[in-house]
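Engineer: Below is the file coords_0.csv, with CSV, C-alpha atoms.
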```csv
chain,number,residue,atom,x,y,z
A,172,MET,CA,-13.1,-10.5,-14.5
A,173,PRO,CA,-10.1,-12.0,-16.3
A,174,SER,CA,-8.2,-14.6,-14.3
A,175,THR,CA,-4.6,-14.3,-13.3
A,176,SER,CA,-2.3,-17.2,-14.1
A,177,ALA,CA,-0.4,-18.9,-11.3
A,178,SER,CA,1.3,-22.2,-10.8
A,179,THR,CA,-1.4,-24.8,-9.9
A,180,ALA,CA,1.0,-26.4,-7.4
A,181,ASP,CA,1.2,-23.0,-5.6
A,182,THR,CA,-2.5,-22.3,-5.5
A,183,PRO,CA,-3.6,-22.2,-1.9
A,184,GLY,CA,-5.6,-25.2,-1.0
A,185,ALA,CA,-4.4,-27.3,-4.0
A,186,SER,CA,-2.5,-29.6,-1.7
A,187,THR,CA,-1.8,-30.3,2.0
A,188,ALA,CA,1.5,-28.4,1.7
A,189,PRO,CA,1.3,-24.6,1.8
A,190,GLY,CA,1.7,-22.6,-1.4
A,191,THR,CA,4.3,-20.0,-1.9
A,192,LEU,CA,4.4,-16.4,-3.2
A,193,VAL,CA,7.7,-16.9,-4.9
A,194,GLY,CA,6.2,-19.7,-7.0
A,195,ARG,CA,3.7,-17.4,-8.5
A,196,GLU,CA,4.2,-15.5,-11.8
A,197,PRO,CA,1.1,-13.4,-12.3
A,198,ARG,CA,0.1,-12.0,-15.6
A,199,VAL,CA,-2.4,-9.1,-15.4
A,200,PRO,CA,-4.2,-8.2,-18.6
A,201,ALA,CA,-5.1,-4.5,-19.2
A,202,GLU,CA,-8.8,-5.2,-18.9
A,203,ARG,CA,-8.3,-6.3,-15.3
A,204,LEU,CA,-6.4,-3.1,-14.5
A,205,VAL,CA,-9.4,-1.1,-15.7
A,206,ALA,CA,-12.0,-3.4,-13.9
A,207,GLU,CA,-10.1,-3.1,-10.6
A,208,LEU,CA,-10.3,0.7,-10.5
A,209,VAL,CA,-12.5,0.4,-7.4
A,210,PRO,CA,-11.8,0.7,-3.6
A,211,PRO,CA,-9.9,-2.3,-2.3
A,212,PRO,CA,-11.8,-5.0,-0.3
A,213,ARG,CA,-10.8,-3.4,3.0
A,214,PHE,CA,-12.8,-0.3,2.1
A,215,ASP,CA,-15.9,-2.1,0.5
A,216,ALA,CA,-18.1,-1.2,3.4
A,217,VAL,CA,-16.8,2.2,4.5
A,218,ARG,CA,-19.1,5.2,4.3
A,219,PHE,CA,-19.0,8.7,5.7
A,220,SER,CA,-21.3,7.4,8.5
A,221,THR,CA,-18.7,4.8,9.5
A,222,TYR,CA,-15.9,7.4,9.9
A,223,VAL,CA,-15.6,8.3,13.5
A,224,PRO,CA,-14.0,11.8,13.8
A,225,ASP,CA,-11.9,12.6,16.8
A,226,PRO,CA,-13.6,15.4,18.8
A,227,ALA,CA,-10.2,16.9,19.6
A,228,ARG,CA,-9.6,17.2,15.8
A,229,PRO,CA,-12.4,19.4,14.4
A,230,GLY,CA,-10.9,19.3,10.9
A,231,GLN,CA,-11.9,15.6,10.6
A,232,ALA,CA,-15.6,16.3,10.9
A,233,GLU,CA,-15.3,19.3,8.6
A,234,ALA,CA,-13.5,17.2,6.0
A,235,VAL,CA,-16.4,14.7,6.0
A,236,ARG,CA,-19.0,17.5,5.5
A,237,ALA,CA,-16.9,19.1,2.7
A,238,LEU,CA,-16.5,15.7,0.9
A,239,ALA,CA,-20.2,14.9,1.2
A,240,ALA,CA,-21.0,18.3,-0.3
A,241,PHE,CA,-18.4,17.6,-3.1
A,242,ALA,CA,-20.1,14.2,-3.8
A,243,ALA,CA,-23.5,16.0,-4.0
A,244,GLY,CA,-22.0,18.5,-6.5
A,245,ILE,CA,-20.9,15.6,-8.7
A,246,GLY,CA,-24.4,14.1,-8.5
A,247,GLY,CA,-24.0,11.9,-5.4
A,248,GLY,CA,-24.2,12.2,-1.7
A,249,ALA,CA,-25.6,10.2,1.1
A,250,THR,CA,-29.4,9.9,1.6
A,251,ALA,CA,-31.1,10.7,4.8
A,252,VAL,CA,-31.8,7.8,7.1
A,253,GLY,CA,-35.3,7.6,8.7
A,254,GLY,CA,-36.0,11.1,7.4
A,255,ARG,CA,-33.2,12.6,9.4
A,256,ARG,CA,-30.1,14.2,8.0
A,257,PRO,CA,-26.9,12.4,9.1
A,258,TRP,CA,-24.4,14.7,10.8
A,259,TRP,CA,-22.1,15.0,7.8
A,260,ARG,CA,-25.0,16.6,5.8
A,261,ARG,CA,-25.7,19.4,8.2
A,262,ALA,CA,-23.6,21.8,6.2
A,263,PRO,CA,-25.5,24.6,4.5
A,264,LYS,CA,-25.7,24.9,0.7
A,265,GLU,CA,-23.2,23.0,-1.4
A,266,PRO,CA,-20.3,25.4,-2.0
A,267,ALA,CA,-19.3,26.2,-5.5
A,268,GLY,CA,-15.6,25.7,-6.1
A,269,PRO,CA,-12.9,23.6,-7.6
A,270,ARG,CA,-13.6,20.3,-9.3
A,271,GLY,CA,-11.0,18.6,-7.2
A,272,VAL,CA,-10.2,18.0,-3.5
A,273,TYR,CA,-6.9,17.1,-1.9
A,274,LEU,CA,-6.9,15.3,1.5
A,275,ASP,CA,-3.9,16.6,3.4
A,276,GLY,CA,-2.7,14.7,6.6
A,277,GLY,CA,-0.4,12.2,8.1
A,278,PHE,CA,-0.8,8.4,7.7
A,279,GLY,CA,-3.4,6.6,9.7
A,280,VAL,CA,-5.8,9.5,10.0
A,281,GLY,CA,-8.4,7.9,7.7
A,282,LYS,CA,-7.7,9.6,4.4
A,283,THR,CA,-8.2,6.4,2.4
A,284,HIS,CA,-11.4,5.7,4.4
A,285,LEU,CA,-12.7,9.2,3.4
A,286,LEU,CA,-11.6,8.9,-0.2
A,287,ALA,CA,-13.4,5.5,-0.6
A,288,SER,CA,-16.4,7.0,1.1
A,289,LEU,CA,-16.5,9.7,-1.5
A,290,TRP,CA,-16.4,7.1,-4.2
A,291,HIS,CA,-19.3,5.2,-2.6
A,292,ALA,CA,-21.3,8.4,-2.1
A,293,THR,CA,-21.0,9.6,-5.7
A,294,GLN,CA,-24.2,8.5,-7.5
A,295,ALA,CA,-22.7,7.1,-10.7
A,296,ALA,CA,-22.3,3.5,-12.0
A,297,PRO,CA,-19.1,1.8,-10.8
A,298,GLU,CA,-17.7,1.9,-14.4
A,299,ARG,CA,-18.1,5.7,-14.4
A,300,LYS,CA,-16.0,6.3,-11.3
A,301,GLY,CA,-12.5,5.2,-10.6
A,302,PHE,CA,-10.4,4.6,-7.5
A,303,CYS,CA,-6.7,3.7,-7.6
A,304,THR,CA,-3.3,4.5,-6.2
A,305,PHE,CA,-0.9,6.7,-8.1
A,306,VAL,CA,1.2,3.6,-9.0
A,307,GLU,CA,-1.9,1.8,-10.4
A,308,LEU,CA,-2.7,4.8,-12.5
A,309,THR,CA,0.8,5.0,-14.0
A,310,ASN,CA,0.6,1.3,-14.6
A,311,LEU,CA,-2.7,1.8,-16.5
A,312,VAL,CA,-1.1,4.4,-18.7
A,313,GLY,CA,1.7,2.0,-19.4
A,314,ALA,CA,-0.7,-0.8,-20.3
A,315,LEU,CA,-3.2,1.2,-22.4
A,316,GLY,CA,-1.1,4.1,-23.6
A,317,PHE,CA,-1.7,7.8,-22.9
A,318,GLN,CA,-4.4,8.5,-25.4
A,319,GLN,CA,-6.4,5.3,-24.7
A,320,THR,CA,-6.2,6.0,-21.0
A,321,ILE,CA,-7.8,9.4,-21.7
A,322,ARG,CA,-10.5,7.8,-23.8
A,323,THR,CA,-11.1,5.1,-21.1
A,324,LEU,CA,-11.3,7.5,-18.2
A,325,GLY,CA,-12.7,10.6,-20.0
A,326,GLY,CA,-16.3,9.5,-19.5
A,327,HIS,CA,-15.9,9.1,-15.8
A,328,ARG,CA,-17.7,11.3,-13.3
A,329,LEU,CA,-15.0,10.9,-10.6
A,330,LEU,CA,-11.5,9.7,-10.3
A,331,CYS,CA,-10.0,9.1,-6.8
A,332,ILE,CA,-6.2,8.8,-6.6
A,333,ASP,CA,-4.8,7.5,-3.3
A,334,GLU,CA,-1.1,8.1,-2.4
A,335,PHE,CA,-0.2,10.5,-5.2
A,336,GLU,CA,3.5,10.1,-5.6
A,337,LEU,CA,5.5,13.3,-5.6
A,338,ASP,CA,8.9,11.8,-5.5
A,339,ASP,CA,9.2,10.9,-9.2
A,340,PRO,CA,9.2,14.1,-11.4
A,341,GLY,CA,8.6,12.2,-14.6
A,342,ASP,CA,5.6,10.3,-13.4
A,343,THR,CA,4.2,13.4,-11.7
A,344,VAL,CA,4.3,15.4,-14.9
A,345,LEU,CA,2.8,12.5,-16.9
A,346,VAL,CA,-0.1,12.1,-14.5
A,347,SER,CA,-0.6,15.8,-14.1
A,348,THR,CA,-0.9,16.1,-17.9
A,349,LEU,CA,-3.4,13.2,-17.9
A,350,LEU,CA,-5.5,14.7,-15.1
A,351,GLY,CA,-5.6,18.0,-17.0
A,352,LYS,CA,-7.1,16.3,-20.0
A,353,LEU,CA,-9.6,14.4,-17.8
A,354,VAL,CA,-10.7,17.6,-16.0
A,355,ASP,CA,-11.3,19.2,-19.4
A,356,SER,CA,-13.6,16.3,-20.1
A,357,GLY,CA,-15.6,17.0,-17.0
A,358,VAL,CA,-14.0,14.4,-14.6
A,359,ALA,CA,-14.0,15.4,-10.9
A,360,LEU,CA,-10.8,14.6,-9.0
A,361,ALA,CA,-9.9,13.6,-5.5
A,362,ALA,CA,-6.5,12.8,-4.2
A,363,THR,CA,-4.3,12.1,-1.2
A,364,SER,CA,-0.5,12.2,-1.5
A,365,ASN,CA,2.9,11.4,-0.1
A,366,THR,CA,5.2,14.3,0.9
A,367,LEU,CA,8.1,15.2,-1.3
A,368,PRO,CA,11.3,13.5,-0.1
A,369,GLY,CA,13.2,16.7,0.7
A,370,LYS,CA,10.3,18.0,2.8
A,371,LEU,CA,9.8,15.2,5.2
A,372,GLY,CA,10.2,15.6,9.0
A,373,GLU,CA,9.6,19.3,8.9
A,374,GLY,CA,6.5,19.2,11.1
A,375,ARG,CA,4.1,20.1,8.4
A,376,PHE,CA,1.9,18.4,5.8
A,377,ALA,CA,2.2,18.1,2.0
A,378,SER,CA,-0.5,20.4,0.5
A,379,ALA,CA,2.0,23.1,-0.7
A,380,ASP,CA,4.2,20.5,-2.3
A,381,PHE,CA,1.2,18.8,-3.9
A,382,LEU,CA,-0.3,21.9,-5.4
A,383,ARG,CA,3.1,23.1,-6.7
A,384,GLU,CA,4.0,19.8,-8.3
A,385,ILE,CA,0.7,19.5,-10.2
A,386,GLN,CA,1.4,23.0,-11.5
A,387,GLY,CA,-1.5,23.9,-13.8
A,388,LEU,CA,-3.9,21.7,-12.0
A,389,ALA,CA,-3.4,23.5,-8.6
A,390,ALA,CA,-6.3,25.8,-9.0
A,391,ARG,CA,-8.6,22.8,-9.6
A,392,PHE,CA,-8.0,21.4,-6.1
A,393,ARG,CA,-9.3,22.5,-2.7
A,394,PRO,CA,-7.0,21.2,0.1
A,395,LEU,CA,-8.8,19.7,3.1
A,396,ARG,CA,-6.5,19.3,6.1
A,397,ILE,CA,-7.1,16.2,8.3
A,398,ASP,CA,-5.1,16.3,11.4
A,399,GLY,CA,-4.8,13.4,13.9
A,400,ASP,CA,-3.0,10.3,15.1
A,401,ASP,CA,-2.5,7.0,13.4
A,402,TYR,CA,-5.7,5.2,14.2
A,403,ARG,CA,-4.1,1.8,13.9
A,404,HIS,CA,-2.2,2.4,17.1
A,405,ARG,CA,-4.9,4.3,19.2
A,406,GLY,CA,-5.2,2.3,22.4
A,407,LEU,CA,-3.8,-0.9,20.7
A,408,PRO,CA,-1.0,-3.1,22.1
A,409,ALA,CA,2.6,-2.9,20.9
A,410,ALA,CA,3.7,-4.7,17.8
A,411,PRO,CA,3.5,-8.5,18.3
A,412,ALA,CA,6.7,-10.3,19.0
A,413,PRO,CA,7.8,-12.6,16.1
A,414,LEU,CA,7.0,-16.3,16.3
A,415,THR,CA,9.6,-19.1,16.0
A,416,ASP,CA,10.3,-20.6,12.5
A,417,GLU,CA,8.6,-23.8,13.6
A,418,ALA,CA,5.4,-22.0,14.7
A,419,VAL,CA,5.1,-20.1,11.5
A,420,THR,CA,5.7,-23.3,9.4
A,421,ARG,CA,3.2,-25.2,11.5
A,422,ALA,CA,0.6,-22.5,11.1
A,423,ALA,CA,1.2,-22.4,7.3
A,424,ARG,CA,0.5,-26.1,7.0
A,425,THR,CA,-2.7,-26.0,9.0
A,426,ALA,CA,-4.3,-22.6,7.9
A,427,PRO,CA,-6.5,-22.8,4.8
A,428,GLY,CA,-5.2,-20.6,1.9
A,429,ALA,CA,-1.8,-19.9,3.6
A,430,THR,CA,1.4,-19.3,1.8
A,431,LEU,CA,4.9,-19.9,3.3
A,432,ASP,CA,8.0,-18.2,2.1
A,433,ALA,CA,11.5,-17.4,3.5
A,434,PHE,CA,11.6,-13.6,3.7
A,435,PRO,CA,14.9,-13.2,1.7
A,436,ASP,CA,13.4,-15.4,-1.1
A,437,LEU,CA,10.3,-13.2,-1.2
A,438,LEU,CA,12.3,-10.0,-1.4
A,439,GLY,CA,14.2,-11.5,-4.4
A,440,HIS,CA,11.0,-12.5,-6.1
A,441,LEU,CA,9.5,-9.0,-5.7
A,442,ALA,CA,12.5,-7.7,-7.7
A,443,ARG,CA,11.4,-9.9,-10.6
A,444,VAL,CA,7.7,-9.1,-10.5
A,445,HIS,CA,6.4,-5.6,-11.5
A,446,PRO,CA,4.7,-3.8,-8.6
A,447,SER,CA,1.5,-3.5,-10.7
A,448,ARG,CA,1.2,-7.3,-10.2
A,449,TYR,CA,1.7,-7.4,-6.5
A,450,GLY,CA,-2.1,-7.5,-5.9
A,451,ALA,CA,-2.5,-10.4,-8.3
A,452,LEU,CA,0.4,-12.1,-6.5
A,453,THR,CA,-1.9,-12.5,-3.5
A,454,ASP,CA,-5.0,-13.8,-5.3
A,455,GLY,CA,-6.7,-16.4,-3.2
A,456,VAL,CA,-4.3,-16.1,-0.3
A,457,ARG,CA,-5.8,-16.0,3.1
A,458,THR,CA,-2.7,-15.8,5.3
A,459,VAL,CA,0.9,-14.9,4.5
A,460,CYS,CA,3.5,-16.8,6.5
A,461,LEU,CA,7.1,-15.6,6.5
A,462,THR,CA,10.2,-17.0,8.1
A,463,GLY,CA,13.5,-15.3,8.7
A,464,VAL,CA,12.3,-11.7,8.5
A,465,ARG,CA,15.3,-9.3,8.7
A,466,PRO,CA,16.0,-5.7,7.9
A,467,VAL,CA,15.8,-4.9,4.2
A,468,PRO,CA,19.2,-4.3,2.6
A,469,ASP,CA,18.6,-1.3,0.4
A,470,GLU,CA,16.2,1.4,-0.7
A,471,ALA,CA,14.9,-0.3,-3.9
A,472,THR,CA,14.1,-3.5,-2.0
A,473,ALA,CA,12.4,-1.4,0.8
A,474,LEU,CA,10.2,0.5,-1.6
A,475,ARG,CA,9.0,-2.8,-3.2
A,476,LEU,CA,8.2,-4.1,0.2
A,477,VAL,CA,6.1,-1.0,0.9
A,478,VAL,CA,4.0,-1.7,-2.2
A,479,LEU,CA,3.5,-5.3,-1.1
A,480,ALA,CA,2.5,-4.2,2.4
A,481,ASP,CA,-0.1,-1.8,0.9
A,482,ARG,CA,-1.6,-4.6,-1.2
A,483,LEU,CA,-1.7,-7.0,1.7
A,484,TYR,CA,-3.4,-4.4,3.9
A,485,ASP,CA,-5.9,-3.4,1.2
A,486,ARG,CA,-6.9,-7.1,1.0
A,487,GLU,CA,-6.9,-7.7,4.7
A,488,ILE,CA,-4.5,-10.6,4.5
A,489,PRO,CA,-3.0,-11.4,7.9
A,490,VAL,CA,0.8,-11.9,8.2
A,491,LEU,CA,2.5,-14.4,10.6
A,492,ALA,CA,6.3,-14.0,10.7
A,493,SER,CA,9.5,-15.1,12.5
A,494,GLY,CA,12.7,-13.1,12.7
A,495,VAL,CA,12.9,-9.5,13.6
A,496,PRO,CA,9.8,-7.4,14.6
A,497,PHE,CA,8.3,-5.4,11.8
A,498,ASP,CA,9.4,-2.1,13.5
A,499,ARG,CA,13.0,-3.1,12.7
A,500,LEU,CA,12.5,-3.7,9.0
A,501,PHE,CA,14.0,-0.4,8.0
A,502,GLY,CA,17.3,0.9,9.2
A,503,ASP,CA,17.8,4.3,10.9
A,504,ASP,CA,19.2,5.8,7.7
A,505,MET,CA,16.0,4.9,5.8
A,506,LEU,CA,13.7,6.1,8.6
A,507,ALA,CA,15.5,9.5,8.5
A,508,GLY,CA,15.6,9.7,4.7
A,509,GLY,CA,13.4,10.8,1.9
A,510,TYR,CA,10.9,8.0,2.0
A,511,ARG,CA,10.4,8.1,5.7
A,512,LYS,CA,6.6,8.3,5.6
A,513,LYS,CA,6.3,5.3,3.3
A,514,TYR,CA,8.3,3.2,5.6
A,515,PHE,CA,6.4,4.2,8.7
A,516,ARG,CA,3.1,3.5,6.8
A,517,ALA,CA,4.4,0.0,5.9
A,518,ILE,CA,5.4,-0.7,9.5
A,519,SER,CA,2.0,0.5,10.7
A,520,ARG,CA,0.1,-1.7,8.2
A,521,LEU,CA,2.2,-4.8,8.7
A,522,THR,CA,1.9,-4.4,12.4
A,523,ALA,CA,-1.9,-4.3,12.1
A,524,LEU,CA,-1.8,-7.4,9.9
A,525,ALA,CA,0.4,-9.2,12.4
A,526,ARG,CA,-2.2,-8.5,15.1
A,527,ASP,CA,-4.9,-9.8,12.9
A,528,ALA,CA,-3.0,-13.1,12.5
A,529,ARG,CA,-2.2,-13.6,16.2
A,530,GLY,CA,-5.6,-14.4,17.7
A,531,GLY,CA,-5.1,-18.2,17.9
A,532,VAL,CA,-1.3,-18.3,18.5
A,533,ASP,CA,0.1,-19.7,21.7
A,534,GLU,CA,2.4,-17.3,23.4
A,535,ARG,CA,4.9,-20.2,23.9
A,536,ASP,CA,5.5,-20.1,20.1
A,537,THR,CA,7.4,-16.8,20.5
A,538,PRO,CA,11.1,-17.0,21.0
A,539,GLY,CA,11.8,-17.4,24.7
A,540,GLY,CA,8.1,-17.9,25.4
A,541,SER,CA,7.5,-14.1,25.5
A,542,SER,CA,3.9,-13.0,25.2
A,543,PRO,CA,2.6,-11.5,22.0
A,544,GLY,CA,2.8,-7.8,22.0
A,545,GLY,CA,6.3,-7.7,23.3
A,546,GLY,CA,7.8,-6.2,20.1
A,547,SER,CA,11.0,-4.2,20.2
A,548,GLY,CA,9.6,-0.8,21.2
A,549,GLY,CA,5.9,-0.8,20.3
A,550,ALA,CA,4.2,1.4,17.7
A,551,PRO,CA,6.5,3.5,15.5
A,552,PRO,CA,6.6,7.2,16.4
A,553,PRO,CA,4.7,9.7,14.2
A,554,PRO,CA,6.4,10.7,11.0
A,555,ASP,CA,6.1,14.5,11.4
```
Kindly transcribe the structure held in the file into structure tokens.
Structural biologist:
Amino acid sequence: MPSTSASTADTPGASTAPGTLVGREPRVPAERLVAELVPPPRFDAVRFSTYVPDPARPGQAEAVRALAAFAAGIGGGATAVGGRRPWWRRAPKEPAGPRGVYLDGGFGVGKTHLLASLWHATQAAPERKGFCTFVELTNLVGALGFQQTIRTLGGHRLLCIDEFELDDPGDTVLVSTLLGKLVDSGVALAATSNTLPGKLGEGRFASADFLREIQGLAARFRPLRIDGDDYRHRGLPAAPAPLTDEAVTRAARTAPGATLDAFPDLLGHLARVHPSRYGALTDGVRTVCLTGVRPVPDEATALRLVVLADRLYDREIPVLASGVPFDRLFGDDMLAGGYRKKYFRAISRLTALARDARGGVDERDTPGGSSPGGGSGGAPPPPD
């Protein structure tokens, strides 16, 4: 895989001092964008068998069965273990139907887990099936051009698109046109999506918006509703209280592969790096340490932080931070606005990464000596 350039002095482990994210200027060649159309590291090992459906939410188990049948229709599907059919293959004959599936549900119900499981279950060589976010797909079109993207992906058996963005009409039309060409080439599609900005907070999911916005492709998709609660907060403690600046700095200097950045500096750097490079920005990083976390000042900055949170979560990179708790990153006006679901997802994921980082931290390193898990109000409320 092509390497990504970064300052040698800022490569984790290159010296006793921690590296920084702001010192990195990644350059990502188009070949790497294509090679990385696979599930992120966090989802390398997921399978339908590792998805644990909530008995109180029968739609979850039904979605697994439907997706397993969809994979079998493409040419994949899980094999029996010990001669016995696993529970998700107990469905009757594979249903004939649309060549696309859309997973409809709130954040934290396992949509990405199921999408990645579909990718793994489809019996095709990795280079003949793709997995990406909507942003990564638009970046690929920008890097290769529309026609070359069609030629590159047209031979695929399956394309999975996570977090299909419905809030940019131009990009939605571009990708819908692209997907129409790919479907005509025989590519099967699977997607999850974000809700349209004007439809958030209405107590319903996004399938109607998704099917309307993709217009001519709507008939190609079968919506699968996955109801449930955010698994990242099922029975887990509240968001960890922030550390002191001194504790974060000390951890950054002793943890292998750690970076250390002042939060305002990092936000400024994100404005200078294209979001398609945020994954490369974290190459080789094992822990992200941030000092002076504070509420983000504006919507553009907030949306860039959401993308970074997604890349950190995908790569399972723990985050240690001082300043305000992560559930205070976004102001009330943002949490009530059009990108509400994105912000709650970022809070949820950063909180999970903060918990991952806190195993060896002394509670005396939190301001005032408060115990980890103090937070400012615990897990965020559900978005719908």
Engineer: A:Ser356, A:Thr415, A:Thr453, A:Thr462: which is nearest Ala480 of chain A, counting all atoms listed in the file?
Structural biologist: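 Between A:Ser356, A:Thr415, A:Thr453, A:Thr462, the residue approaching Ala480 of chain A most closely is A:Thr453.
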Engineer: A:Ile321, A:Leu395, A:Ala423, A:Val478: which is nearest Asp275 of chain A, counting all atoms listed in the file?
Structural biologist: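 Checking each candidate against Asp275 of chain A, we get A:Leu395 as the closest.
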Engineer: Find the residues with any atom within 12 Å of (-1.7, 1.4, -24.1); use only C-alpha atoms and the coordinates as given in the file, and write the answer as a PyMOL selection string.
Structural biologist: chain A and resi 200-202+204-205+309-323
Engineer: Within 10 Å of Pro211 of chain A, counting all atoms listed in the file, which residues show up once you throw out same-chain ones fewer than 4 positions away? Write them as a count of residues only, please.
Structural biologist: 10
Engineer: Interatomic distance between atom CA of Ala362 of chain A and atom CA of Met505 of chain A?
Structural biologist: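 So the two atoms, atom CA of Ala362 of chain A and atom CA of Met505 of chain A, lie 25.9 Å apart.
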Engineer: How would you write as a PyMOL selection string the residues that get within 8 Å of (7.1, -21.2, 3.3) in the file's frame, counting all atoms listed in the file?
Structural biologist: chain A and resi 189-191+420+423+430-433+460-462
Engineer: Which polymer residues have any atom within 9 Å of an atom of segment 492-495 of chain A, counting all atoms listed in the file, with same-chain residues fewer than 6 positions away left out, as an NGL selection string?
Structural biologist: :A and (412-419 or 434 or 459-466 or 525 or 537-538 or 546-547)
Engineer: Which one of A:Lys300, A:His284, A:Arg424, A:Arg228 sits closest to Arg213 of chain A if you count all atoms listed in the file?
Structural biologist: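 Among the listed residues, A:His284 lies closest to Arg213 of chain A.
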Engineer: Between A:Pro197, A:Gly399, A:Pro226, A:Pro212, which is the closest to Lys282 of chain A once you count all atoms listed in the file?
Structural biologist: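 Of A:Pro197, A:Gly399, A:Pro226, A:Pro212, the one nearest Lys282 of chain A, counting all atoms listed in the file, is A:Gly399.
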Engineer: Skipping near chain neighbours, those fewer than 4 positions away, what residues fall within 9 Å of Gly301 of chain A using all atoms listed in the file, listed as a ChimeraX atom specification?
Structural biologist: /A:205,207-210,290,297,324,327-332
Engineer: How would segment 323-334 of chain A of the given structure read as a file with N, CA, C and O atoms, as a PDB file, in the first residue's frame?
Structural biologist:
```pdb
ATOM      1  N   THR A 323     -13.494   1.827 -12.372  1.00  0.00           N
ATOM      2  CA  THR A 323     -12.824   1.175 -11.243  1.00  0.00           C
ATOM      3  C   THR A 323     -13.781   0.317 -10.432  1.00  0.00           C
ATOM      4  O   THR A 323     -13.444  -0.801 -10.018  1.00  0.00           O
ATOM      5  N   LEU A 324     -14.990   0.818 -10.199  1.00  0.00           N
ATOM      6  CA  LEU A 324     -15.944   0.115  -9.349  1.00  0.00           C
ATOM      7  C   LEU A 324     -16.929  -0.742 -10.134  1.00  0.00           C
ATOM      8  O   LEU A 324     -17.655  -1.543  -9.535  1.00  0.00           O
ATOM      9  N   GLY A 325     -16.972  -0.576 -11.450  1.00  0.00           N
ATOM     10  CA  GLY A 325     -17.983  -1.261 -12.259  1.00  0.00           C
ATOM     11  C   GLY A 325     -17.849  -2.771 -12.257  1.00  0.00           C
ATOM     12  O   GLY A 325     -18.826  -3.476 -12.516  1.00  0.00           O
ATOM     13  N   GLY A 326     -16.651  -3.288 -11.968  1.00  0.00           N
ATOM     14  CA  GLY A 326     -16.464  -4.728 -11.921  1.00  0.00           C
ATOM     15  C   GLY A 326     -16.687  -5.332 -10.551  1.00  0.00           C
ATOM     16  O   GLY A 326     -16.483  -6.538 -10.358  1.00  0.00           O
ATOM     17  N   HIS A 327     -17.109  -4.513  -9.587  1.00  0.00           N
ATOM     18  CA  HIS A 327     -17.343  -5.001  -8.233  1.00  0.00           C
ATOM     19  C   HIS A 327     -18.622  -5.837  -8.162  1.00  0.00           C
ATOM     20  O   HIS A 327     -19.562  -5.647  -8.952  1.00  0.00           O
ATOM     21  N   ARG A 328     -18.659  -6.735  -7.192  1.00  0.00           N
ATOM     22  CA  ARG A 328     -19.888  -7.467  -6.914  1.00  0.00           C
ATOM     23  C   ARG A 328     -20.763  -6.708  -5.928  1.00  0.00           C
ATOM     24  O   ARG A 328     -21.991  -6.806  -5.961  1.00  0.00           O
ATOM     25  N   LEU A 329     -20.121  -5.954  -5.021  1.00  0.00           N
ATOM     26  CA  LEU A 329     -20.848  -5.291  -3.941  1.00  0.00           C
ATOM     27  C   LEU A 329     -20.158  -3.987  -3.587  1.00  0.00           C
ATOM     28  O   LEU A 329     -18.927  -3.914  -3.542  1.00  0.00           O
ATOM     29  N   LEU A 330     -20.955  -2.953  -3.322  1.00  0.00           N
ATOM     30  CA  LEU A 330     -20.446  -1.697  -2.789  1.00  0.00           C
ATOM     31  C   LEU A 330     -21.282  -1.320  -1.571  1.00  0.00           C
ATOM     32  O   LEU A 330     -22.500  -1.155  -1.672  1.00  0.00           O
ATOM     33  N   CYS A 331     -20.627  -1.200  -0.410  1.00  0.00           N
ATOM     34  CA  CYS A 331     -21.291  -0.809   0.833  1.00  0.00           C
ATOM     35  C   CYS A 331     -20.941   0.645   1.139  1.00  0.00           C
ATOM     36  O   CYS A 331     -19.753   1.000   1.156  1.00  0.00           O
ATOM     37  N   ILE A 332     -21.958   1.470   1.395  1.00  0.00           N
ATOM     38  CA  ILE A 332     -21.743   2.894   1.675  1.00  0.00           C
ATOM     39  C   ILE A 332     -22.305   3.201   3.053  1.00  0.00           C
ATOM     40  O   ILE A 332     -23.519   3.147   3.272  1.00  0.00           O
ATOM     41  N   ASP A 333     -21.417   3.534   3.970  1.00  0.00           N
ATOM     42  CA  ASP A 333     -21.827   3.861   5.326  1.00  0.00           C
ATOM     43  C   ASP A 333     -22.029   5.370   5.447  1.00  0.00           C
ATOM     44  O   ASP A 333     -21.281   6.150   4.853  1.00  0.00           O
ATOM     45  N   GLU A 334     -23.040   5.775   6.197  1.00  0.00           N
ATOM     46  CA  GLU A 334     -23.294   7.188   6.481  1.00  0.00           C
ATOM     47  C   GLU A 334     -23.525   7.988   5.200  1.00  0.00           C
ATOM     48  O   GLU A 334     -22.902   9.023   4.957  1.00  0.00           O
TER      49      GLU A 334
END
```
